[in-house]
$ cat run.txt   # compact mmCIF, N, CA and C atoms
# COMPACT_ATOMS: atom_id res chain seq x y z
N MET A 1 -24.79 -2.16 80.59
CA MET A 1 -24.95 -2.25 82.01
C MET A 1 -24.02 -3.34 82.54
N HIS A 2 -23.32 -3.04 83.63
CA HIS A 2 -22.39 -4.00 84.22
C HIS A 2 -23.12 -4.90 85.21
N SER A 3 -22.77 -6.17 85.13
CA SER A 3 -23.38 -7.14 86.03
C SER A 3 -22.38 -7.48 87.13
N SER A 4 -22.87 -7.78 88.30
CA SER A 4 -21.99 -8.17 89.40
C SER A 4 -21.70 -9.66 89.39
N HIS A 5 -22.26 -10.40 88.43
CA HIS A 5 -22.02 -11.83 88.33
C HIS A 5 -20.75 -12.09 87.55
N LEU A 6 -20.07 -13.13 87.95
CA LEU A 6 -18.85 -13.52 87.27
C LEU A 6 -19.21 -14.49 86.16
N LEU A 7 -18.85 -14.17 84.97
CA LEU A 7 -19.11 -15.05 83.84
C LEU A 7 -17.83 -15.77 83.46
N LEU A 8 -17.93 -17.06 83.32
CA LEU A 8 -16.77 -17.85 82.93
C LEU A 8 -16.84 -18.14 81.44
N GLU A 9 -15.74 -17.93 80.79
CA GLU A 9 -15.72 -18.19 79.35
C GLU A 9 -15.72 -19.69 79.07
N GLU A 10 -15.12 -20.46 79.97
CA GLU A 10 -15.05 -21.91 79.80
C GLU A 10 -15.54 -22.55 81.09
N PRO A 11 -16.33 -23.61 81.01
CA PRO A 11 -16.81 -24.25 82.25
C PRO A 11 -15.64 -24.85 83.04
N ILE A 12 -15.77 -24.81 84.36
CA ILE A 12 -14.74 -25.40 85.22
C ILE A 12 -14.95 -26.90 85.27
N ARG A 13 -13.90 -27.62 85.03
CA ARG A 13 -13.96 -29.07 85.09
C ARG A 13 -13.59 -29.51 86.52
N MET A 14 -14.38 -30.42 87.08
CA MET A 14 -14.17 -30.85 88.46
C MET A 14 -12.79 -31.48 88.65
N THR A 15 -12.29 -32.17 87.65
CA THR A 15 -10.98 -32.80 87.82
C THR A 15 -9.88 -31.76 87.99
N SER A 16 -10.04 -30.60 87.38
CA SER A 16 -9.01 -29.57 87.54
C SER A 16 -9.05 -28.99 88.94
N ILE A 17 -10.17 -29.08 89.63
CA ILE A 17 -10.28 -28.58 91.00
C ILE A 17 -9.80 -29.64 91.99
N LEU A 18 -10.15 -30.89 91.76
CA LEU A 18 -9.89 -31.94 92.73
C LEU A 18 -8.47 -32.49 92.68
N GLU A 19 -7.84 -32.46 91.54
CA GLU A 19 -6.50 -33.01 91.41
C GLU A 19 -5.46 -31.89 91.48
N PRO A 20 -4.51 -32.01 92.40
CA PRO A 20 -3.47 -30.98 92.47
C PRO A 20 -2.57 -31.05 91.24
N SER A 21 -1.96 -29.93 90.88
CA SER A 21 -1.10 -29.91 89.70
C SER A 21 0.16 -30.73 89.90
N LYS A 22 0.65 -30.80 91.15
CA LYS A 22 1.80 -31.63 91.48
C LYS A 22 1.34 -32.65 92.50
N SER A 23 1.77 -33.90 92.34
CA SER A 23 1.31 -34.94 93.25
C SER A 23 1.77 -34.71 94.68
N SER A 24 2.88 -34.04 94.89
CA SER A 24 3.37 -33.82 96.25
C SER A 24 3.06 -32.40 96.74
N PHE A 25 2.16 -31.71 96.07
CA PHE A 25 1.85 -30.33 96.44
C PHE A 25 1.20 -30.24 97.81
N PHE A 26 0.23 -31.11 98.09
CA PHE A 26 -0.46 -31.09 99.37
C PHE A 26 0.14 -32.15 100.29
N PRO A 27 0.65 -31.75 101.44
CA PRO A 27 1.20 -32.76 102.35
C PRO A 27 0.08 -33.58 102.98
N ALA A 28 0.41 -34.79 103.36
CA ALA A 28 -0.57 -35.65 104.01
C ALA A 28 -0.95 -35.05 105.36
N LEU A 29 -2.22 -35.03 105.66
CA LEU A 29 -2.67 -34.49 106.94
C LEU A 29 -2.68 -35.55 108.03
N THR A 30 -2.71 -36.81 107.64
CA THR A 30 -2.71 -37.91 108.59
C THR A 30 -1.29 -38.43 108.75
N LYS A 31 -0.87 -38.64 109.98
CA LYS A 31 0.45 -39.17 110.26
C LYS A 31 0.32 -40.61 110.73
N ILE A 32 1.17 -41.47 110.20
CA ILE A 32 1.22 -42.86 110.63
C ILE A 32 2.51 -43.05 111.41
N VAL A 33 2.37 -43.46 112.66
CA VAL A 33 3.52 -43.65 113.54
C VAL A 33 3.84 -45.13 113.60
N GLY A 34 5.09 -45.47 113.30
CA GLY A 34 5.54 -46.86 113.36
C GLY A 34 6.65 -47.01 114.38
N THR A 35 6.54 -48.03 115.23
CA THR A 35 7.58 -48.31 116.21
C THR A 35 8.58 -49.25 115.58
N LEU A 36 9.85 -48.84 115.53
CA LEU A 36 10.89 -49.68 114.94
C LEU A 36 11.50 -50.55 116.02
N GLY A 37 11.51 -51.85 115.77
CA GLY A 37 12.02 -52.81 116.73
C GLY A 37 12.75 -53.93 116.03
N PRO A 38 12.93 -55.07 116.70
CA PRO A 38 13.71 -56.17 116.15
C PRO A 38 13.18 -56.70 114.81
N LYS A 39 11.86 -56.74 114.63
CA LYS A 39 11.27 -57.25 113.39
C LYS A 39 11.19 -56.20 112.30
N SER A 40 11.37 -54.94 112.67
CA SER A 40 11.18 -53.87 111.68
C SER A 40 12.36 -52.92 111.63
N ARG A 41 13.56 -53.44 111.74
CA ARG A 41 14.73 -52.55 111.75
C ARG A 41 15.60 -52.68 110.52
N SER A 42 15.31 -53.62 109.63
CA SER A 42 16.11 -53.75 108.41
C SER A 42 15.72 -52.66 107.42
N VAL A 43 16.64 -52.34 106.53
CA VAL A 43 16.39 -51.30 105.53
C VAL A 43 15.19 -51.66 104.66
N GLU A 44 15.09 -52.92 104.27
CA GLU A 44 14.00 -53.36 103.40
C GLU A 44 12.63 -53.20 104.06
N VAL A 45 12.53 -53.59 105.32
CA VAL A 45 11.25 -53.49 106.04
C VAL A 45 10.90 -52.02 106.27
N ILE A 46 11.88 -51.22 106.66
CA ILE A 46 11.62 -49.80 106.89
C ILE A 46 11.20 -49.12 105.59
N ALA A 47 11.86 -49.46 104.48
CA ALA A 47 11.48 -48.88 103.18
C ALA A 47 10.05 -49.27 102.83
N GLY A 48 9.66 -50.51 103.11
CA GLY A 48 8.28 -50.93 102.87
C GLY A 48 7.29 -50.16 103.72
N CYS A 49 7.65 -49.88 104.96
CA CYS A 49 6.79 -49.09 105.84
C CYS A 49 6.65 -47.67 105.32
N LEU A 50 7.74 -47.09 104.84
CA LEU A 50 7.69 -45.73 104.30
C LEU A 50 6.81 -45.67 103.05
N LYS A 51 6.95 -46.67 102.20
CA LYS A 51 6.13 -46.72 100.98
C LYS A 51 4.66 -46.92 101.32
N ALA A 52 4.39 -47.60 102.42
CA ALA A 52 3.01 -47.84 102.84
C ALA A 52 2.40 -46.63 103.52
N GLY A 53 3.23 -45.61 103.85
CA GLY A 53 2.67 -44.39 104.41
C GLY A 53 3.18 -43.97 105.77
N MET A 54 4.12 -44.73 106.34
CA MET A 54 4.65 -44.33 107.65
C MET A 54 5.32 -42.96 107.52
N SER A 55 4.97 -42.05 108.40
CA SER A 55 5.55 -40.71 108.34
C SER A 55 6.29 -40.33 109.62
N VAL A 56 6.17 -41.16 110.66
CA VAL A 56 6.87 -40.92 111.92
C VAL A 56 7.42 -42.25 112.42
N ALA A 57 8.72 -42.28 112.74
CA ALA A 57 9.34 -43.49 113.31
C ALA A 57 9.54 -43.28 114.80
N ARG A 58 9.17 -44.30 115.57
CA ARG A 58 9.25 -44.22 117.03
C ARG A 58 10.25 -45.27 117.51
N PHE A 59 11.08 -44.88 118.46
CA PHE A 59 12.04 -45.79 119.07
C PHE A 59 11.66 -46.01 120.52
N ASP A 60 11.66 -47.26 120.97
CA ASP A 60 11.32 -47.59 122.35
C ASP A 60 12.62 -47.84 123.11
N PHE A 61 13.07 -46.85 123.86
CA PHE A 61 14.34 -46.95 124.56
C PHE A 61 14.24 -47.70 125.89
N SER A 62 13.09 -48.30 126.18
CA SER A 62 12.96 -49.05 127.43
C SER A 62 13.64 -50.42 127.32
N TRP A 63 14.05 -50.80 126.14
CA TRP A 63 14.78 -52.06 125.97
C TRP A 63 15.98 -51.81 125.06
N CYS A 64 16.97 -52.60 125.19
CA CYS A 64 18.21 -52.57 124.40
C CYS A 64 19.02 -51.30 124.69
N ASP A 65 20.18 -51.22 124.06
CA ASP A 65 21.06 -50.08 124.34
C ASP A 65 21.03 -49.06 123.21
N ALA A 66 21.72 -47.96 123.43
CA ALA A 66 21.71 -46.86 122.47
C ALA A 66 22.37 -47.24 121.15
N ASP A 67 23.40 -48.09 121.18
CA ASP A 67 24.07 -48.51 119.96
C ASP A 67 23.13 -49.28 119.03
N TYR A 68 22.29 -50.12 119.63
CA TYR A 68 21.30 -50.88 118.85
C TYR A 68 20.34 -49.92 118.13
N HIS A 69 19.86 -48.92 118.84
CA HIS A 69 18.93 -47.96 118.25
C HIS A 69 19.63 -47.04 117.25
N GLN A 70 20.93 -46.79 117.45
CA GLN A 70 21.68 -46.00 116.48
C GLN A 70 21.78 -46.74 115.15
N GLU A 71 21.98 -48.06 115.19
CA GLU A 71 22.00 -48.86 113.96
C GLU A 71 20.65 -48.80 113.25
N THR A 72 19.58 -48.86 114.02
CA THR A 72 18.24 -48.76 113.43
C THR A 72 18.03 -47.38 112.80
N LEU A 73 18.52 -46.34 113.47
CA LEU A 73 18.41 -44.99 112.92
C LEU A 73 19.19 -44.86 111.62
N GLU A 74 20.37 -45.47 111.56
CA GLU A 74 21.15 -45.45 110.31
C GLU A 74 20.39 -46.18 109.20
N ASN A 75 19.75 -47.28 109.52
CA ASN A 75 18.94 -48.00 108.53
C ASN A 75 17.77 -47.15 108.07
N LEU A 76 17.18 -46.39 108.98
CA LEU A 76 16.09 -45.49 108.62
C LEU A 76 16.58 -44.42 107.66
N LYS A 77 17.76 -43.86 107.92
CA LYS A 77 18.32 -42.84 107.03
C LYS A 77 18.53 -43.40 105.62
N ILE A 78 19.04 -44.62 105.52
CA ILE A 78 19.25 -45.26 104.22
C ILE A 78 17.92 -45.47 103.51
N ALA A 79 16.91 -45.93 104.25
CA ALA A 79 15.59 -46.16 103.66
C ALA A 79 14.94 -44.86 103.19
N VAL A 80 15.11 -43.79 103.95
CA VAL A 80 14.56 -42.48 103.57
C VAL A 80 15.21 -42.01 102.27
N LYS A 81 16.52 -42.17 102.16
CA LYS A 81 17.22 -41.76 100.94
C LYS A 81 16.79 -42.59 99.74
N SER A 82 16.62 -43.90 99.94
CA SER A 82 16.27 -44.77 98.81
C SER A 82 14.82 -44.58 98.35
N THR A 83 13.91 -44.32 99.29
CA THR A 83 12.50 -44.15 98.91
C THR A 83 12.13 -42.70 98.62
N LYS A 84 12.98 -41.76 99.05
CA LYS A 84 12.72 -40.33 98.89
C LYS A 84 11.43 -39.91 99.59
N LYS A 85 11.17 -40.54 100.75
CA LYS A 85 10.01 -40.19 101.58
C LYS A 85 10.53 -39.65 102.91
N LEU A 86 9.98 -38.52 103.34
CA LEU A 86 10.40 -37.94 104.61
C LEU A 86 9.78 -38.69 105.78
N CYS A 87 10.51 -38.72 106.88
CA CYS A 87 10.03 -39.41 108.07
C CYS A 87 10.56 -38.71 109.31
N ALA A 88 9.68 -38.33 110.21
CA ALA A 88 10.08 -37.73 111.47
C ALA A 88 10.49 -38.82 112.44
N VAL A 89 11.32 -38.47 113.40
CA VAL A 89 11.77 -39.44 114.41
C VAL A 89 11.38 -38.92 115.77
$ encode --input "run.txt" --output "structure tokens"
Amino acid sequence: MHSSHLLLEEPIRMTSILEPSKSSFFPALTKIVGTLGPKSRSVEVIAGCLKAGMSVARFDFSWCDADYHQETLENLKIAVKSTKKLCAV
């Protein structure tokens, strides 16, 4: 007689369900927005922010000129390449 119940030959281990097979398989659902300014525009500081979880960089164009923000954007690009973490702008 056939049963409609599913029989497992081996018990399911919770760790195999809870841990993804690849660490980057599931994208982060929470976004951390960081405003880049005078204190946070160096490559080292931006890289630290990326490692800490920043996923979106914000520029405040109400102060300074476009060239200043372009330098910060170039620093962000270098930090993204060095940390291998994606960041929206």
$ residues_around --input "run.txt" --residues "Ile46 of chain A" --least-positions-apart "3" --cutoff "12 Å" --atoms "only C-alpha atoms" --output "PyMOL selection string"
chain A and resi 34-43+49-58+72-83+85+87
$ atom_distance --input "run.txt" --atom1 "atom N of Ile32 of chain A" --atom2 "atom N of Val89 of chain A"
11.1 Å
$ atom_distance --input "run.txt" --atom1 "atom N of Lys84 of chain A" --atom2 "atom CA of Phe59 of chain A"
20.4 Å
$ atom_distance --input "run.txt" --atom1 "atom N of Glu44 of chain A" --atom2 "atom CA of Trp63 of chain A"
21.7 Å
